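Novice: One file: start_39.pdb (PDB, C-alpha atoms, pLDDT in the B column).
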```
ATOM      1  CA  MET A  22       4.333 -14.003 -17.023  1.00 68.00           C
ATOM      2  CA  LYS A  23       6.503 -13.705 -13.925  1.00 78.00           C
ATOM      3  CA  ALA A  24       8.968 -11.783 -16.062  1.00 84.00           C
ATOM      4  CA  THR A  25       6.443  -8.964 -16.540  1.00 86.00           C
ATOM      5  CA  VAL A  26       4.069  -9.083 -13.537  1.00 86.00           C
ATOM      6  CA  SER A  27       5.626  -9.079 -10.077  1.00 88.00           C
ATOM      7  CA  ARG A  28       2.339  -9.191  -8.117  1.00 87.00           C
ATOM      8  CA  ALA A  29      -0.924 -10.347  -9.640  1.00 81.00           C
ATOM      9  CA  ASP A  30      -4.060  -8.453  -8.660  1.00 81.00           C
ATOM     10  CA  GLU A  31      -7.428  -8.313 -10.386  1.00 76.00           C
ATOM     11  CA  LEU A  32      -7.707  -4.534 -10.210  1.00 79.00           C
ATOM     12  CA  ALA A  33      -4.118  -3.305 -10.176  1.00 83.00           C
ATOM     13  CA  PRO A  34      -1.386  -5.779 -11.132  1.00 84.00           C
ATOM     14  CA  VAL A  35       2.139  -4.650 -10.275  1.00 89.00           C
ATOM     15  CA  LEU A  36       4.463  -4.800 -13.266  1.00 91.00           C
ATOM     16  CA  VAL A  37       8.208  -5.375 -13.162  1.00 92.00           C
ATOM     17  CA  LEU A  38       9.958  -2.015 -13.455  1.00 93.00           C
ATOM     18  CA  ALA A  39      12.118  -3.054 -16.423  1.00 93.00           C
ATOM     19  CA  PHE A  40       9.069  -4.225 -18.393  1.00 92.00           C
ATOM     20  CA  LEU A  41       7.124  -1.096 -17.459  1.00 91.00           C
ATOM     21  CA  ASP A  42       9.965   1.102 -18.763  1.00 94.00           C
ATOM     22  CA  HIS A  43      10.069  -0.954 -21.979  1.00 94.00           C
ATOM     23  CA  ALA A  44       6.303  -0.640 -22.510  1.00 92.00           C
ATOM     24  CA  GLN A  45       6.223   3.098 -21.815  1.00 93.00           C
ATOM     25  CA  ALA A  46       9.172   3.780 -24.131  1.00 96.00           C
ATOM     26  CA  ARG A  47       7.291   2.133 -26.991  1.00 95.00           C
ATOM     27  CA  GLY A  48       3.876   3.574 -26.167  1.00 93.00           C
ATOM     28  CA  LEU A  49       2.307   0.217 -25.316  1.00 90.00           C
ATOM     29  CA  PHE A  50      -0.797  -0.200 -23.188  1.00 86.00           C
ATOM     30  CA  VAL A  51      -0.503  -3.194 -20.858  1.00 84.00           C
ATOM     31  CA  ASP A  52      -3.782  -4.770 -19.790  1.00 78.00           C
ATOM     32  CA  ALA A  53      -3.197  -7.978 -17.868  1.00 76.00           C
ATOM     33  CA  ALA A  54      -5.923 -10.610 -18.202  1.00 74.00           C
ATOM     34  CA  ARG A  55      -7.027 -12.797 -15.323  1.00 71.00           C
ATOM     35  CA  VAL A  56      -5.557 -16.262 -15.032  1.00 70.00           C
ATOM     36  CA  ARG A  57      -7.715 -19.060 -16.456  1.00 71.00           C
ATOM     37  CA  SER A  58     -10.402 -16.742 -17.852  1.00 68.00           C
ATOM     38  CA  PRO A  59     -10.794 -17.367 -21.565  1.00 67.00           C
ATOM     39  CA  ARG A  60     -13.605 -14.811 -21.760  1.00 72.00           C
ATOM     40  CA  ASP A  61     -11.173 -11.981 -21.018  1.00 69.00           C
ATOM     41  CA  LYS A  62      -8.453 -13.225 -23.319  1.00 71.00           C
ATOM     42  CA  ALA A  63     -10.817 -13.663 -26.241  1.00 70.00           C
ATOM     43  CA  ARG A  64     -11.396  -9.907 -26.365  1.00 67.00           C
ATOM     44  CA  VAL A  65      -7.646  -9.313 -26.453  1.00 68.00           C
ATOM     45  CA  GLU A  66      -6.956 -11.988 -29.054  1.00 72.00           C
ATOM     46  CA  ASP A  67      -9.767 -10.639 -31.246  1.00 75.00           C
ATOM     47  CA  GLN A  68      -7.851  -7.370 -31.622  1.00 78.00           C
ATOM     48  CA  VAL A  69      -4.842  -9.239 -33.044  1.00 77.00           C
ATOM     49  CA  THR A  70      -6.891 -10.191 -36.113  1.00 80.00           C
ATOM     50  CA  TYR A  71      -8.106  -6.608 -36.512  1.00 82.00           C
ATOM     51  CA  VAL A  72      -4.580  -5.202 -36.384  1.00 83.00           C
ATOM     52  CA  ARG A  73      -3.270  -7.842 -38.780  1.00 85.00           C
ATOM     53  CA  GLU A  74      -5.985  -7.091 -41.370  1.00 87.00           C
ATOM     54  CA  SER A  75      -5.741  -3.303 -41.083  1.00 83.00           C
TER      55      SER A  75
END
```
Translate the structure of the given file into structure tokens.

Specialist:
Amino acid sequence: MKATVSRADELAPVLVLAFLDHAQARGLFVDAARVRSPRDKARVEDQVTYVRES
């Protein structure tokens, strides 16, 4: 995700300005998950099913 995150940090990742502008223009909430932590990503991926079924 180097195209979207310029500096990885657990508490406050720094996003690339172009991606941040894109996300804000579309009203997206960006929540970066930690690298190699499937426990975090499972919560995010679970929401995909919810959105698809709704």

Novice: For a quick check of understanding, using only C-alpha atoms, which of A:Arg55, A:Lys62, A:Val26, A:Glu74 has the smallest distance to Phe40 of chain A?

Specialist: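 Of all the options, A:Val26 lies closest to Phe40 of chain A.
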
Novice: Could you list the residues chosen by the PyMOL selection byres ((chain A and resi 27) around 12) in this structure as a list in words?

Specialist: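 Given this file, the PyMOL selection byres ((chain A and resi 27) around 12) evaluates to Met22, Lys23, Ala24, Thr25, Val26, Arg28, Ala29, Asp30, Ala33, Pro34, Val35, Leu36, Val37, Leu38, Ala39, Phe40, Leu41 and Ala53 of chain A.
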
Novice: What is the distance, in Å and to one decimal place, between atom CA of Arg57 of chain A and atom CA of Leu32 of chain A?

Specialist: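 Separation between atom CA of Arg57 of chain A and atom CA of Leu32 of chain A: 15.8 Å.
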
Novice: Could you jot down the atom CA of Leu49 of chain A to atom CA of Val72 of chain A separation for me, Å, one decimal place?

Specialist: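 Result for atom CA of Leu49 of chain A versus atom CA of Val72 of chain A: 14.1 Å, one decimal.
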
Novice: Would you compute the distance between atom CA of Val56 of chain A and atom CA of Asp42 of chain A? Give it in Å to one decimal.

Specialist: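 Spanning atom CA of Val56 of chain A to atom CA of Asp42 of chain A is a straight-line distance of 23.6 Å.
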